[in-house]
Structures are given as C-alpha cells and as structure tokens.
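Trainee: Before we start, here is the structure in question, set down as structure tokens.
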Amino acid sequence: MQAIGPAPPSTRRRIRVGDTGIVAVALLILLNFFPGWRAMPFLTDGMVLAIGMVDLVLAVIIICNVIYQLSDSPAVHAGVHLVMAVALMPFFITLMRTFPFALSGSLWPRIVQDLLNVGAIAAFCAFWVFIWQMIGLNYNAARHGH
C-alpha cells in the first residue's frame with residue numbers, strides 16, 4: 001500500500017501547468033466567442049486594437065502548456081519560458097498603448113498602468129534569464145559530452 005502524501009514535484013507542476021492551460025482556453029473562449037470582449041463592461045473599443053495580441057499570447061500559453069505536459073526536460077522548460085517571455089513583451093506594450101480598460105476614478109487607471117509596466121519589465125528580465133539558462137544548459141551539456 002502506498003502512503004498518501006504530497007505529489008512529487010513533477011506531478012504538482014504538471015497539474016499547475018494543466019490548470020494554466022485550461023484558464024487560457026477559457027479566456028480565449030470568453031473574449032472571442034461567448035460572451036465576447038464587447039460584452040465585458042470593463043473593456044473599451046480600444047480592445048479592437050489589442051485583441052489580436054491577446055489571442056496570440058493566449059495561444060502561445062496554451063501551446064507552451066501542452067509542450068510542458070509532454071516534456072520535463074530543463075532545456076524544454078527554458079526554451080518554452082523564453083518563447084513566452086518573447087510573446088509577453090509586445091503583449092504588455094500593446095495593452096499599455098491602447099489601454100482598453102474602462103476604469104473610473106484617478107487611482108485605478110494608474111494602478112493598472114503600473115501593473116502593465118511591471119509586467120513588461122518582468123517579461124524583459126525573464127527573457128534574459130532564460131537566455132542565460134539556455135547558455136548554461138548548453139555549456140553543461142558540452143562539458144559533459146552530451
């Protein structure tokens with residue numbers, strides 16, 4: 001009989017990654033089909049300019065999560081994270097430029113703008129982190145003759 005306890009790290013990670021993929025699919029459906037972004041009271045007509053980038057990022061997240069489910073390799077993880085960082089940088093910039101959010105008051109628009117700025121900076125930093133990780137993985141593989 002097997003003891004009941006926490007799942008191994010790879011199993012927990014796969015469950016979390018699966019959940020992220022499900023959320024991305026749900027957002028894609030909500031924004032594009034039912035009820036559609038036009039029915040959401042917090043989005044403005046500026047979303048017309050941003051919906052393509054939003055859809056692209058959600059599709060990248062879905063594809064990356066499928067790849068995560070298929071491979072637990074550190075190189076694959078670094079590569080997929082790199083792809084997501086590359087997709088997220090223009091995503092945040094597009095949302096900052098179009099700002100398709102109907103927010104009232106003087107505080108909420110500023111908070112959302114600051115969060116978008118932090119997201120863009122985080123994606124930029126993540127890009128370089130995963131470039132460095134890929135270099136390190138290649139260096140270690142070459143050093144060990146792989």
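Chain lettering (A, B, ...) mirrors the order of the structure tokens, residue numbering begins at 1 for each chain separately, and ligand numbering begins at 1 in order of display.
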I want to know what sits within 9 Å of Ala85 in chain A, based on only C-alpha atoms, with residues of the same chain fewer than 5 positions away left out; could you give that as a ChimeraX atom specification?
Mentor: /A:80,122-127,130
Trainee: Which residues, written as a ChimeraX atom specification, have at least one atom at most 8 Å from Pro100 in chain A, with only C-alpha atoms counted and residues fewer than 4 positions away on the same chain left out?
Mentor: /A:43-47,50,95
Trainee: Calculate how many Å separate CA of Ile121 in chain A from CA of Asn32 in chain A, rounding to one decimal.
Mentor: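 One can read the CA of Ile121 in chain A to CA of Asn32 in chain A distance as 27.6 Å.
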Trainee: Please measure the separation of CA of Asp19 in chain A and CA of Leu137 in chain A, giving the value in Å to one decimal.
Mentor: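 It comes out at 27.6 Å.
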Trainee: Contacts of Gly18 in chain A at 8 Å or less, counting only C-alpha atoms, minus same-chain residues fewer than 3 places along, as a list in words?
Mentor: Arg14, Ile15, Gly21, Ile22, Asn65, Val66 and Gln69 of chain A
Trainee: Suppose we keep C-alpha atoms; can you now write the selection as a PDB file, in the first residue's frame?
Mentor:
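As a result, out13.pdb now contains:
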```pdb
ATOM      1  CA  ARG A  14       2.040  19.248 -14.421  1.00  0.00           C
ATOM      2  CA  ILE A  15      -1.253  19.794 -12.616  1.00  0.00           C
ATOM      3  CA  GLY A  21      -3.715  25.925 -19.934  1.00  0.00           C
ATOM      4  CA  ILE A  22      -7.379  25.452 -19.005  1.00  0.00           C
ATOM      5  CA  ASN A  65       1.486  24.273 -21.613  1.00  0.00           C
ATOM      6  CA  VAL A  66       0.919  21.323 -23.958  1.00  0.00           C
ATOM      7  CA  GLN A  69       2.889  18.304 -20.349  1.00  0.00           C
TER       8      GLN A  69
END
```
Trainee: Write out as a PyMOL selection string which residues come within 9 Å of Phe91 in chain A when counting only C-alpha atoms, dropping same-chain ones fewer than 6 positions away.
Mentor: chain A and resi 50+53-54+56-57+120
Trainee: State, in Å with one decimal place, the distance from CA of Leu28 in chain A to CA of Ile63 in chain A.
Mentor: 12.9 Å
Trainee: May I have all residues of range 30-91 of chain A that DSSP, computed from the backbone, assigns to alpha helix (DSSP H), given as number ranges by chain?
Mentor: A: 30-32, 47-70, 74-91
Trainee: Considering only C-alpha atoms, state which residue in the set A:Leu103, A:Val25, A:Val17, A:Ala59 is at the smallest distance from Met84 in chain A.
Mentor: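 Closest to Met84 in chain A of all the choices is A:Ala59.
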